[in-house]
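Trainee: Quick one: the structure is below, and I'll ask about it shortly.
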Protein chains: 4
Amino acid sequence: MKLVHDPIHGGIELDDFAVKLVDTPEFQRLRRITQLGLAFLVYPSARHTRFEHSLGTFYLARKITEYNPEIEEGAVYAALLHDIGHYPFSHTLEALYPRHEENTRRVLREGEIRDVIEERYSLGEFLGFLKHPLVSGDIDADRMDYLVRDAYYTGVAYGLVDLERLIRNLHWDGERLILKEKGIMAGQNLLISRSMMYPTVYQHHTVRIASSMLCKAVELEGVELEELRKMDEVDLVARLRASEKKEVRELISAIENRRLYKRVLWSGKKLDEETIKELRKELESEFGHLALLDYPEKPRFEERNAFVEFNGEIKRLSEVSPVVRALVEAKESNWRWGIYAREDKVEEVRTFVSKRLK
Amino acid sequence: MKLVHDPIHGGIELDDFAVKLVDTPEFQRLRRITQLGLAFLVYPSARHTRFEHSLGTFYLARKITEYNPEIEEGAVYAALLHDIGHYPFSHTLEALYPRHEENTRRVLREGEIRDVIEERYSLGEFLGFLKHPLVSGDIDADRMDYLVRDAYYTGVAYGLVDLERLIRNLHWDGERLILKEKGIMAGQNLLISRSMMYPTVYQHHTVRIASSMLCKAVELEGVELEELRKMDEVDLVARLRASEKKEVRELISAIENRRLYKRVLWSGKKLDEETIKELRKELESEFGHLALLDYPEKPRFEERNAFVEFNGEIKRLSEVSPVVRALVEAKESNWRWGIYAREDKVEEVRTFVSKRLK
Amino acid sequence: MKLVHDPIHGGIELDDFAVKLVDTPEFQRLRRITQLGLAFLVYPSARHTRFEHSLGTFYLARKITEYNPEIEEGAVYAALLHDIGHYPFSHTLEALYPRHEENTRRVLREGEIRDVIEERYSLGEFLGFLKHPLVSGDIDADRMDYLVRDAYYTGVAYGLVDLERLIRNLHWDGERLILKEKGIMAGQNLLISRSMMYPTVYQHHTVRIASSMLCKAVELEGVELEELRKMDEVDLVARLRASEKKEVRELISAIENRRLYKRVLWSGKKLDEETIKELRKELESEFGHLALLDYPEKPRFEERNAFVEFNGEIKRLSEVSPVVRALVEAKESNWRWGIYAREDKVEEVRTFVSKRLK
Amino acid sequence: MKLVHDPIHGGIELDDFAVKLVDTPEFQRLRRITQLGLAFLVYPSARHTRFEHSLGTFYLARKITEYNPEIEEGAVYAALLHDIGHYPFSHTLEALYPRHEENTRRVLREGEIRDVIEERYSLGEFLGFLKHPLVSGDIDADRMDYLVRDAYYTGVAYGLVDLERLIRNLHWDGERLILKEKGIMAGQNLLISRSMMYPTVYQHHTVRIASSMLCKAVELEGVELEELRKMDEVDLVARLRASEKKEVRELISAIENRRLYKRVLWSGKKLDEETIKELRKELESEFGHLALLDYPEKPRFEERNAFVEFNGEIKRLSEVSPVVRALVEAKESNWRWGIYAREDKVEEVRTFVSKRLK
């Protein structure tokens with residue numbers, strides 16, 4: 001047994017098997033993957049990594065199983081490893097590459113860590129645990145940890161959640177984690193917190209700008225998925241700094257010196273796919289890496305799959321709580337796409353775009 | 001200048017005039033009026049008083065005026081004194097007596113404190129400040145302080161609010177406090193927090209039961225408004241303990257020993273006034289002080305009067321935020337009335353009521 | 001099982017036996033005994049009571065036994081009841097009456113609570129648990145709770161202690177709680193915290209003045225020990241307010257309106273017992289209740305009895321830590337006695353005393 | 001004016017001049033210099049950087065000058081820039097290279113930042129401000145920020161300090177920052193906190209081992225001071241990973257995968273310089289990079305230069321506080337030197353050393 005200190009949860013106890021998993025190069029690499037990507041350009045203190053978050057998720061998953069001993073233990077170790085496939089700067093590069101979940105499965109299949117896992121589980125069995133509601137539900141250990149942790153490190157109050165009340169009131173019915181009536185308010189609070197962290201931190205426009213710049217640099221550099229998926233942030237940044245392409249070096253230097261592009265356009269009005277594609281092409285041929293189109297996916301309405309026990313019946317939290325229902329609408333209304341350009345090009349791009357989009 | 005330590009705001013500076021106001025018997029009496037009435041029967045640590053809350057409200061009001069120096073200083077002192085008319089156990093006895101605001105005006109008119117006020121203000125002028133948006137708006141110093149303070153003392157996480165962001169973004173337009181765009185999320189958070197504190201703390205059913213018992217005791221004892229309005233909690237409790245009526249002594253003793261009545265009925269279905277009146281009379285004639293009908297007013301939808309600046313226009317926060325709109329609905333849906341009875345009478349009362357209400 | 005919310009420890013679980021103990025009038029009375037007596041006159045937010053502290057001590061004692069299951073369970077319930085004999089305003093009146101520990105034993109012997117205890121323990125056996133190191137040692141559940149709780153309610157940072165590290169590192173050797181090497185720093189921190197809370201909160205001169213005034217009022221009123229020991233703060237204050245003696249009414253009114261006496265003299269120089277006695281008599285005959293001599297006992301050096309395991313040997317913490325040794329000296333050097341007088345008498349008393357003591 | 005969010009201080013306001021300083025490449029580089037070097041190998045959450053700390057120090061320095069407007073404003077900007085010369089991993093490499101203060105002066109002399117500084121100050125004048133007691137005293141803005149920040153990020157409770165009480169009670173006498181009597185306890189607390197953070201965090205033996213390994217890697221790689229002083233952590237780590245020397249690659253990989261050397265010897269007994277030198281040489285010729293001697297300087301007793309006003313006289317805090325005096329002794333007693341070796345070499349090295357040192 002080993003004890004790791006953590007400012008969020010106090011002492012996190014790691015049993016011997018967890019220690020072995022943590023002591024693999026694959027897991028230690030998470031120390032060099034920041035939890036919030038480039039958000040530190042807005043919240044300088046947000047320097048925490050997937051490593052601490054993974055330990056914290058493991059801790060909460062363990063706690064939940066203490067109240068629900070029927071949950072298979074493998075799901076708790078899956079909580080520990082659920083983020084092992086993240087690319088450098090976490091979600092940032094998922095705009096260019098497949099989502100990290102696929103890479104998580106590959107890392108577990110290929111890495112040294114596989115040998116450790118197979119001391120206890122078959123690989124197939126373990127990969128199954130990654131989809132366990134303990135770690136991939138709407139109210140799960142993953143989300144509980146990251147909301148509180150991101151709030152702590154950014155100093156944004158909205159992520160505060162009553163973890164104890166949640167954990168005490170999660171009941172495993174063999175298939176789902178159901179929130180008991182006494183925990184409904186805390187569950188609602190978690191979903192509200194998440195919805196408020198979105199525009200404030202995760203989708204902050206400055207973070208979006210910097211992320212678009214990084215994506216462009218990586219794209220121009222032509223980093224292969226096979227390379228990227230094993231890189232940590234030192235590898236990627238060193239590669240970009242040393243690029244043979246001037247544009248790449250300019251972009252990474254602009255990010256690192258916080259000379260970020262500015263918004264030319266910022267809109268909640270949808271475009272059809274064709275328009276997006278063309279606009280992107282035209283911007284590129286006209287301005288190269290100096291103008292960027294950032295058109296993110298619409299947020300998914302995951303709030304709908306949290307289940308609660310209410311007056312003896314199992315319901316969706318959104319049926320019970322008008323506030324949670326309202327969050328769906330709120331999310332749509334907070335969605336934005338943007339066009340960004342280097343400061344000296346803003347006017348030129350604006351003229352170009354306004355002609356093009358009128 | 002005097003410095004008072006406070007766990008919420010750190011050091012609260014009192015200027016000489018504020019010290020004089022605080023040093024009156026009327027203000028010192030607030031030390032013996034608990035902020036949350038009988039909520040300590042559910043949250044034992046909620047023993048804070050109107051005294052600390054008044055200092056905290058003053059502190060925040062002062063802060064807001066630092067960013068808005070055009071606000072008249074009298075409003076800041078009104079923030080200090082806005083709760084001076086509270087009865088023992090704060091809102092609890094407002095079910096029987098006029099709301100405390102009327103008493104606040106009377107205390108200011110009649111007390112020693114009037115002499116202090118009149119060193120600077122005419123009484124009429126000062127009474128006007130009590131209605132200033134700084135202290136009686138929907139996003140005001142009063143609410144900011146009590147939410148955070150009540151969260152701190154109960155340990156309920158929902159009351160946490162980003163005070164700094166709110167304060168920095170409140171703009172006085174000569175008539176109203178308008179929330180600037182950067183503060184909208186914090187304002188929404190304040191209203192959400194309030195709506196979540198309602199069922200969890202302020203309207204917790206056990207608090208409602210104990211409060212109904214106290215109201216009954218005071219009613220039976222026949223405490224006159226003229227007496228009550230100057231009492232503190234020592235006066236009132238000592239009076240009830242020493243009552244000549246056995247029922248009164250029984251009720252106060254049951255509250256103090258936490259032998260509380262139980263719920264016979266707990267419903268969100270409205271009754272018409274006539275039915276309420278009759279039912280109350282019948283319960284009383286049948287069971288005396290052993291069964292209590294508690295039919296609170298519907299919550300007011302105060303969330304509608306918070307103003308924000310959004311894309312250059314002044315709007316209601318509820319127009320801008322679907323979540324705030326949802327709070328209105330949520331409040332209705334959390335409203336309940338109840339019938340409570342002494343544990344040994346519960347079955348008997350249930351039979352009686354179910355016949356009566358079918 | 002019942003869950004009580006607490007801002008310090010989160011959810012405190014009470015098993016059925018604990019619930020029965022808590023549900024006695026003797027235990028409920030603790031809700032009306034403030035933890036820090038009159039300290040709220042300096043730290044207005046310090047309104048917490050022996051009730052919460054007793055629950056918190058129980059919680060920590062339970063935690064320690066989870067790591068040390070050999071500790072008899074009776075000691076955990078003793079932790080819950082260890083303060084049941086406190087007088088109104090906690091330690092304040094111990095200057096006039098026997099220390100509260102004797103009363104704790106009497107309450108347990110005489111109250112309704114005895115019947116509950118005897119469901120599990122013989123009374124003699126249970127009284128023995130009150131001296132268990134779990135609750136009456138130098139690093140024990142009692143002290144751990146009150147330091148952190150008092151810090152939380154006063155807002156004074158010095159009481160913060162790493163409870164988790166302490167609890168994990170306390171080892172029961174059958175006779176004593178020994179601090180393991182990894183916990184030494186946390187143990188040292190606890191003793192430092194305590195030593196810093198003394199002058200800042202517990203022995204703050206304004207608290208000492210108000211306490212001396214209350215003692216005088218109670219003494220003049222002639223409250224018998226047999227009465228006092230069952231009183232709560234409502235009883236005592238109501239009695240003093242209604243006193244037939246004008247001096248008593250004046251004193252309690254001065255405390256409640258915070259018109260406190262002022263320091264005439266404040267000194268660290270010892271007096272011999274004879275001088276104290278005479279001086280007190282003379283002050284009384286000359287000034288009655290308007291001048292008070294406050295000569296507290298020297299602090300006890302309890303820091304000496306904390307045991308630690310260091311390089312495989314059991315040692316006193318003071319042997320291992322030069323800082324803890326220094327605390328002994330510091331305590332002596334912070335000790336003061338004082339003479340206080342009503343503001344208008346200060347000069348007169350000063351003249352009298354300076355003649356008398358030269 | 002720009003507002004930066006910070007979890008320690010809330011909103012940090014940057015005036016236009018501060019923004020210009022922050023927006024230089026030299027300052028932005030601090031985002032890639034971790035505050036506590038390799039401490040994250042023990043406290044995984046300690047990923048904060050010199051960037052946030054510099055902003056925090058600026059914030060506190062500004063606050064202190066609000067109470068002491070006579071302090072020259074240049075000292076506040078010096079607080080912002082005081083750490084600009086840190087090498088990658090902060091103090092870690094100061095065992096091999098000159099202390100960072102010299103580099104700070106060079107960066108200010110040579111960088112883009114010089115142009116910004118010279119808009120307001122002559123360079124010589126500004127370099128002088130770096131020695132101002134506001135930022136290089138024993139109780140200064142630098143120390144106040146790092147203690148609280150390091151406590152926050154490690155989760156170690158000992159660094160908590162009552163910043164508000166300190167700041168309110170620091171008085172500038174034209175030459176020194178003097179702590180007023182009301183702040184003595186808070187000042188003592190700061191020094192105690194610092195002394196407790198030393199063994200717990202800053203000098204934790206595992207951090208010392210990893211730091212020794214990094215020093216060896218850098219030494220073997222032969223990084224020139226001229227290169228190092230401009231590097232950030234990406235530069236240095238990428239360089240070591242890509243080294244032509246197998247030993248260097250082994251060392252950095254061992255650190256990154258947390259396969260750290262183990263203690264062969266850990267002692268508080270001094271050695272003379274000659275012995276150290278020889279022992280180091282012998283270890284190297286026998287074991288190469290597989291055994292490391294780590295002999296740190298004795299801690300300096302900086303606690304002696306904090307000044308306080310006590311009974312109207314200026315004294316050293318150590319004269320007034322026996323606890324602070326004890327800290328000097330405690331520091332000596334916590335000092336250790338060590339020999340570390342790769343796990344498979346521990347026994348061999350132990351045999352070698354025990355012969356050599358007997």
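Residue numbering restarts at 1 for every chain of the structure tokens, chains are lettered A, B, ... in their displayed order, and ligands are numbered from 1 as they appear.
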Find the residues near stretch 206-213 of chain B: any atom within 9 Å, counting only C-alpha atoms, skip ones fewer than 6 places away on the same chain, and give them as a count of residues only.
Mentor: 25
Trainee: Each residue of chain D lying at most 8 Å from chain A should get a row with its shortest atom-to-atom pair and the distance in Å to one decimal, counting only C-alpha atoms; could you produce that, ordered by chain and increasing number, as CSV?
Mentor:
residue,atom,partner,partner_atom,distance
D:Val4,CA,A:Tyr43,CA,7.2
D:His5,CA,A:Tyr43,CA,6.0
D:Asp6,CA,A:Gly155,CA,5.8
D:Pro7,CA,A:Gly155,CA,3.9
D:Ile8,CA,A:Gly155,CA,7.6
D:Gly10,CA,A:Gly155,CA,7.2
D:Asp23,CA,A:Arg258,CA,7.2
D:Thr24,CA,A:Asn257,CA,7.1
D:Pro25,CA,A:Asn257,CA,5.3
D:Gln28,CA,A:Asn257,CA,5.6
D:Arg29,CA,A:Asn257,CA,7.6
D:Arg31,CA,A:Pro44,CA,7.9
D:Val42,CA,A:Val4,CA,7.6
D:Tyr43,CA,A:His5,CA,6.0
D:Pro44,CA,A:Glu52,CA,6.1
D:Ser45,CA,A:Glu52,CA,6.1
D:Ala46,CA,A:His48,CA,7.9
D:Arg47,CA,A:Arg47,CA,5.7
D:His48,CA,A:Arg47,CA,6.0
D:Thr49,CA,A:Ser45,CA,7.7
D:Phe51,CA,A:Pro44,CA,7.5
D:Glu52,CA,A:Ser45,CA,6.1
D:Tyr152,CA,A:Pro7,CA,6.9
D:Tyr153,CA,A:Pro7,CA,6.5
D:Thr154,CA,A:Pro7,CA,6.1
D:Gly155,CA,A:Pro7,CA,3.9
D:Val156,CA,A:Pro7,CA,7.6
D:Val234,CA,A:Val234,CA,5.3
D:Asp235,CA,A:Ala238,CA,7.0
D:Val237,CA,A:Val234,CA,7.3
D:Ala238,CA,A:Ala238,CA,6.5
D:Glu256,CA,A:Gln28,CA,7.0
D:Asn257,CA,A:Pro25,CA,5.3
D:Arg258,CA,A:Asp23,CA,7.2
Trainee: Could you list, as a PyMOL selection string, every residue within 8 Å of D:His100, counting only C-alpha atoms and ignoring same-chain residues fewer than 2 positions away?
Mentor: chain D and resi 83+85-87+91+94+98+102-104
Trainee: Write out as JSON, numbers by chain the set of residues from stretch 53-127 of chain D that DSSP, computed on the backbone, places in alpha helix (DSSP H).
Mentor: {"D": [53, 54, 55, 56, 57, 58, 59, 60, 61, 62, 63, 64, 65, 66, 67, 74, 75, 76, 77, 78, 79, 80, 81, 100, 101, 102, 103, 104, 105, 106, 107, 108, 109, 110, 113, 114, 115, 116, 117, 123, 124, 125, 126, 127]}
Trainee: Could you give me, as a VMD selection string, the residues within 12 Å of stretch 272-279 of chain C, counting only C-alpha atoms and dropping anything in the same chain fewer than 2 positions from it?
Mentor: chain C and resid 269 to 270 281 to 287 291 to 297 337 to 339 349 352 to 357
Trainee: Between atom CA of C:Lys331 and atom CA of C:Gly268, measure the distance and give it in Å to one decimal.
Mentor: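 Atom-to-atom, atom CA of C:Lys331 to atom CA of C:Gly268, that is 11.3 Å.
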Trainee: Return the single residue from C:Met196, C:Met185, C:Leu271, C:Cys215 that is closest to D:Ser321, with distances computed using only C-alpha atoms.
Mentor: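 Smallest distance to D:Ser321 is found for C:Met196.
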Trainee: Identify, with DSSP run on backbone atoms, the residues in stretch 158-340 of chain D assigned to strand (DSSP E), and express the list as a list in words.
Mentor: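 Filtering stretch 158-340 of chain D down to strand (DSSP E) leaves Leu170, His171, Trp172, Leu177, Ile178, Leu179, Lys262, Arg263, Val264, Leu265, Trp266, Ser267, Ala291, Leu292, Leu293, Asp294, Phe307, Val308, Glu309, Phe310, Glu313, Ile314, Lys315, Arg316, Trp337, Gly338, Ile339 and Tyr340 of chain D.
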Trainee: Write the residues you've just listed into a file as a JSON list (two decimals), in the first residue's frame, and include N, CA and C atoms for each of them.
Mentor:
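Okay, again.json is ready:
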[["chain", "number", "residue", "atom", "x", "y", "z"],
["D", 170, "LEU", "N", 2.38, 45.17, 8.37],
["D", 170, "LEU", "CA", 3.74, 45.49, 7.94],
["D", 170, "LEU", "C", 3.86, 46.99, 7.76],
["D", 171, "HIS", "N", 4.84, 47.55, 8.42],
["D", 171, "HIS", "CA", 5.02, 49.00, 8.35],
["D", 171, "HIS", "C", 6.40, 49.32, 7.79],
["D", 172, "TRP", "N", 6.44, 50.14, 6.78],
["D", 172, "TRP", "CA", 7.70, 50.53, 6.14],
["D", 172, "TRP", "C", 8.27, 51.75, 6.86],
["D", 177, "LEU", "N", 10.85, 46.68, 6.44],
["D", 177, "LEU", "CA", 9.47, 46.38, 6.74],
["D", 177, "LEU", "C", 9.43, 45.86, 8.18],
["D", 178, "ILE", "N", 8.73, 46.60, 9.01],
["D", 178, "ILE", "CA", 8.66, 46.23, 10.43],
["D", 178, "ILE", "C", 7.28, 45.66, 10.70],
["D", 179, "LEU", "N", 7.25, 44.57, 11.43],
["D", 179, "LEU", "CA", 5.99, 43.96, 11.78],
["D", 179, "LEU", "C", 5.45, 44.60, 13.05],
["D", 262, "LYS", "N", 17.94, 4.73, -4.80],
["D", 262, "LYS", "CA", 17.56, 4.53, -3.40],
["D", 262, "LYS", "C", 18.65, 5.07, -2.48],
["D", 263, "ARG", "N", 18.26, 5.32, -1.24],
["D", 263, "ARG", "CA", 19.24, 5.80, -0.28],
["D", 263, "ARG", "C", 20.18, 4.69, 0.17],
["D", 264, "VAL", "N", 21.49, 4.95, 0.07],
["D", 264, "VAL", "CA", 22.50, 4.05, 0.63],
["D", 264, "VAL", "C", 22.85, 4.54, 2.02],
["D", 265, "LEU", "N", 22.83, 5.86, 2.15],
["D", 265, "LEU", "CA", 23.24, 6.48, 3.41],
["D", 265, "LEU", "C", 22.49, 7.80, 3.55],
["D", 266, "TRP", "N", 22.13, 8.16, 4.76],
["D", 266, "TRP", "CA", 21.33, 9.35, 5.03],
["D", 266, "TRP", "C", 21.75, 9.82, 6.41],
["D", 267, "SER", "N", 22.47, 10.92, 6.46],
["D", 267, "SER", "CA", 23.13, 11.22, 7.73],
["D", 267, "SER", "C", 23.12, 12.71, 8.06],
["D", 291, "ALA", "N", 26.02, 5.90, -8.73],
["D", 291, "ALA", "CA", 26.03, 6.26, -7.31],
["D", 291, "ALA", "C", 26.27, 7.77, -7.21],
["D", 292, "LEU", "N", 25.51, 8.42, -6.35],
["D", 292, "LEU", "CA", 25.57, 9.88, -6.27],
["D", 292, "LEU", "C", 25.75, 10.35, -4.83],
["D", 293, "LEU", "N", 26.64, 11.30, -4.65],
["D", 293, "LEU", "CA", 26.81, 11.91, -3.33],
["D", 293, "LEU", "C", 26.11, 13.27, -3.34],
["D", 294, "ASP", "N", 25.24, 13.47, -2.37],
["D", 294, "ASP", "CA", 24.46, 14.70, -2.29],
["D", 294, "ASP", "C", 24.74, 15.37, -0.96],
["D", 307, "PHE", "N", 12.07, 41.94, 11.53],
["D", 307, "PHE", "CA", 12.01, 42.94, 12.58],
["D", 307, "PHE", "C", 10.58, 43.21, 13.05],
["D", 308, "VAL", "N", 10.45, 43.40, 14.33],
["D", 308, "VAL", "CA", 9.12, 43.66, 14.88],
["D", 308, "VAL", "C", 9.17, 44.86, 15.82],
["D", 309, "GLU", "N", 8.00, 45.45, 15.95],
["D", 309, "GLU", "CA", 7.87, 46.54, 16.92],
["D", 309, "GLU", "C", 7.22, 45.95, 18.15],
["D", 310, "PHE", "N", 7.92, 46.01, 19.26],
["D", 310, "PHE", "CA", 7.43, 45.35, 20.46],
["D", 310, "PHE", "C", 7.58, 46.32, 21.63],
["D", 313, "GLU", "N", 9.64, 49.32, 20.85],
["D", 313, "GLU", "CA", 11.02, 49.19, 20.38],
["D", 313, "GLU", "C", 11.08, 48.29, 19.15],
["D", 314, "ILE", "N", 12.09, 48.50, 18.30],
["D", 314, "ILE", "CA", 12.31, 47.61, 17.16],
["D", 314, "ILE", "C", 13.21, 46.47, 17.62],
["D", 315, "LYS", "N", 12.74, 45.26, 17.46],
["D", 315, "LYS", "CA", 13.54, 44.10, 17.84],
["D", 315, "LYS", "C", 13.54, 43.08, 16.71],
["D", 316, "ARG", "N", 14.45, 42.14, 16.82],
["D", 316, "ARG", "CA", 14.38, 41.00, 15.92],
["D", 316, "ARG", "C", 13.26, 40.07, 16.41],
["D", 337, "TRP", "N", 22.74, 14.82, 4.69],
["D", 337, "TRP", "CA", 23.34, 14.56, 3.39],
["D", 337, "TRP", "C", 23.12, 13.08, 3.06],
["D", 338, "GLY", "N", 23.31, 12.73, 1.80],
["D", 338, "GLY", "CA", 23.00, 11.35, 1.44],
["D", 338, "GLY", "C", 23.86, 10.80, 0.32],
["D", 339, "ILE", "N", 23.89, 9.48, 0.25],
["D", 339, "ILE", "CA", 24.44, 8.79, -0.92],
["D", 339, "ILE", "C", 23.33, 7.93, -1.49],
["D", 340, "TYR", "N", 23.13, 8.04, -2.80],
["D", 340, "TYR", "CA", 22.05, 7.31, -3.47],
["D", 340, "TYR", "C", 22.64, 6.44, -4.57]]
Trainee: Compile the contact shell of D:Ser318 as a PyMOL selection string: residues with an atom at most 10 Å away, counting only C-alpha atoms, same-chain residues fewer than 4 positions apart removed.
Mentor: chain D and resi 188+303-308+322-328
Trainee: Would you mind exporting all heavy atoms of the selected residues as a compact mmCIF listing (two decimals), in the first residue's frame?
Mentor:
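The resulting part_5.txt:
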# COMPACT_ATOMS: atom_id res chain seq x y z
N GLN D 188 5.39 35.02 13.17
CA GLN D 188 5.93 33.79 13.75
C GLN D 188 5.38 32.58 12.97
O GLN D 188 6.10 31.65 12.64
CB GLN D 188 5.54 33.72 15.21
CG GLN D 188 5.93 32.44 15.90
CD GLN D 188 5.46 32.40 17.36
OE1 GLN D 188 5.70 33.35 18.12
NE2 GLN D 188 4.80 31.34 17.74
N GLU D 303 15.77 33.48 9.55
CA GLU D 303 14.74 33.91 10.47
C GLU D 303 15.20 35.06 11.35
O GLU D 303 14.40 35.73 11.99
CB GLU D 303 14.30 32.75 11.38
CG GLU D 303 13.42 31.75 10.68
CD GLU D 303 14.17 30.92 9.66
OE1 GLU D 303 15.41 30.96 9.69
OE2 GLU D 303 13.53 30.26 8.83
N ARG D 304 16.50 35.30 11.40
CA ARG D 304 17.00 36.30 12.35
C ARG D 304 16.78 37.73 11.89
O ARG D 304 16.95 38.65 12.65
CB ARG D 304 18.48 36.07 12.58
CG ARG D 304 18.71 34.83 13.43
CD ARG D 304 20.13 34.79 13.89
NE ARG D 304 20.41 33.50 14.53
CZ ARG D 304 21.56 32.87 14.44
NH1 ARG D 304 22.53 33.39 13.73
NH2 ARG D 304 21.74 31.73 15.06
N ASN D 305 16.41 37.92 10.64
CA ASN D 305 16.33 39.29 10.16
C ASN D 305 14.92 39.82 9.96
O ASN D 305 14.69 40.75 9.21
CB ASN D 305 17.14 39.43 8.87
CG ASN D 305 18.62 39.31 9.18
OD1 ASN D 305 19.11 39.96 10.10
ND2 ASN D 305 19.31 38.45 8.45
N ALA D 306 13.98 39.22 10.66
CA ALA D 306 12.64 39.77 10.65
C ALA D 306 12.51 40.73 11.83
O ALA D 306 12.83 40.36 12.96
CB ALA D 306 11.62 38.65 10.76
N PHE D 307 12.07 41.94 11.53
CA PHE D 307 12.01 42.94 12.58
C PHE D 307 10.58 43.21 13.05
O PHE D 307 9.66 43.22 12.24
CB PHE D 307 12.66 44.25 12.12
CG PHE D 307 14.12 44.10 11.91
CD1 PHE D 307 14.62 43.84 10.64
CD2 PHE D 307 14.99 44.17 12.98
CE1 PHE D 307 15.98 43.66 10.43
CE2 PHE D 307 16.36 43.99 12.78
CZ PHE D 307 16.86 43.74 11.51
N VAL D 308 10.45 43.40 14.33
CA VAL D 308 9.12 43.66 14.88
C VAL D 308 9.17 44.86 15.82
O VAL D 308 10.22 45.21 16.36
CB VAL D 308 8.59 42.44 15.66
CG1 VAL D 308 8.47 41.23 14.76
CG2 VAL D 308 9.47 42.13 16.85
N PRO D 322 10.42 32.88 21.49
CA PRO D 322 11.23 31.69 21.76
C PRO D 322 11.02 30.60 20.70
O PRO D 322 11.94 29.84 20.41
CB PRO D 322 10.76 31.20 23.12
CG PRO D 322 9.56 32.01 23.48
CD PRO D 322 9.47 33.19 22.57
N VAL D 323 9.83 30.58 20.11
CA VAL D 323 9.58 29.56 19.10
C VAL D 323 10.45 29.82 17.87
O VAL D 323 11.03 28.90 17.30
CB VAL D 323 8.09 29.51 18.73
CG1 VAL D 323 7.86 28.52 17.60
CG2 VAL D 323 7.26 29.14 19.94
N VAL D 324 10.55 31.07 17.48
CA VAL D 324 11.39 31.39 16.32
C VAL D 324 12.85 31.05 16.63
O VAL D 324 13.57 30.52 15.78
CB VAL D 324 11.22 32.87 15.91
CG1 VAL D 324 12.27 33.28 14.89
CG2 VAL D 324 9.82 33.08 15.34
N ARG D 325 13.27 31.33 17.86
CA ARG D 325 14.64 30.94 18.23
C ARG D 325 14.82 29.44 18.05
O ARG D 325 15.82 28.97 17.53
CB ARG D 325 14.93 31.31 19.69
CG ARG D 325 15.41 32.74 19.86
CD ARG D 325 16.11 32.95 21.19
NE ARG D 325 15.26 32.64 22.34
CZ ARG D 325 14.34 33.46 22.83
NH1 ARG D 325 14.11 34.65 22.28
NH2 ARG D 325 13.63 33.12 23.87
N ALA D 326 13.81 28.69 18.46
CA ALA D 326 13.92 27.23 18.37
C ALA D 326 14.00 26.75 16.93
O ALA D 326 14.56 25.69 16.66
CB ALA D 326 12.72 26.59 19.07
N LEU D 327 13.46 27.54 16.01
CA LEU D 327 13.49 27.11 14.61
C LEU D 327 14.91 26.98 14.08
O LEU D 327 15.20 26.14 13.25
CB LEU D 327 12.73 28.10 13.73
CG LEU D 327 11.23 28.17 13.98
CD1 LEU D 327 10.62 29.22 13.08
CD2 LEU D 327 10.59 26.82 13.75
N VAL D 328 15.78 27.86 14.57
CA VAL D 328 17.18 27.81 14.15
C VAL D 328 17.76 26.43 14.48
O VAL D 328 18.31 25.75 13.62
CB VAL D 328 17.97 28.92 14.87
CG1 VAL D 328 19.45 28.81 14.54
CG2 VAL D 328 17.40 30.29 14.48
Trainee: So the first atom is atom CA of B:Phe129 and the second is atom CA of B:Ala78; what is the distance between them in Å, to one decimal place?
Mentor: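 Computed distance, atom CA of B:Phe129 to atom CA of B:Ala78, equals 5.8 Å.
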Trainee: Please compute the atom CA of D:Val135-atom CA of D:Leu80 distance, one decimal, in Å.
Mentor: 9.3 Å
Trainee: List the neighbours of stretch 58-63 of chain A out to 6 Å using only C-alpha atoms; skip same-chain residues closer than 5 positions along the sequence, and give me the result as a list of chain:residue names.
Mentor: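 Contacts, in chain order: A:Val76, A:Ala79, A:Leu80, A:Ala141.
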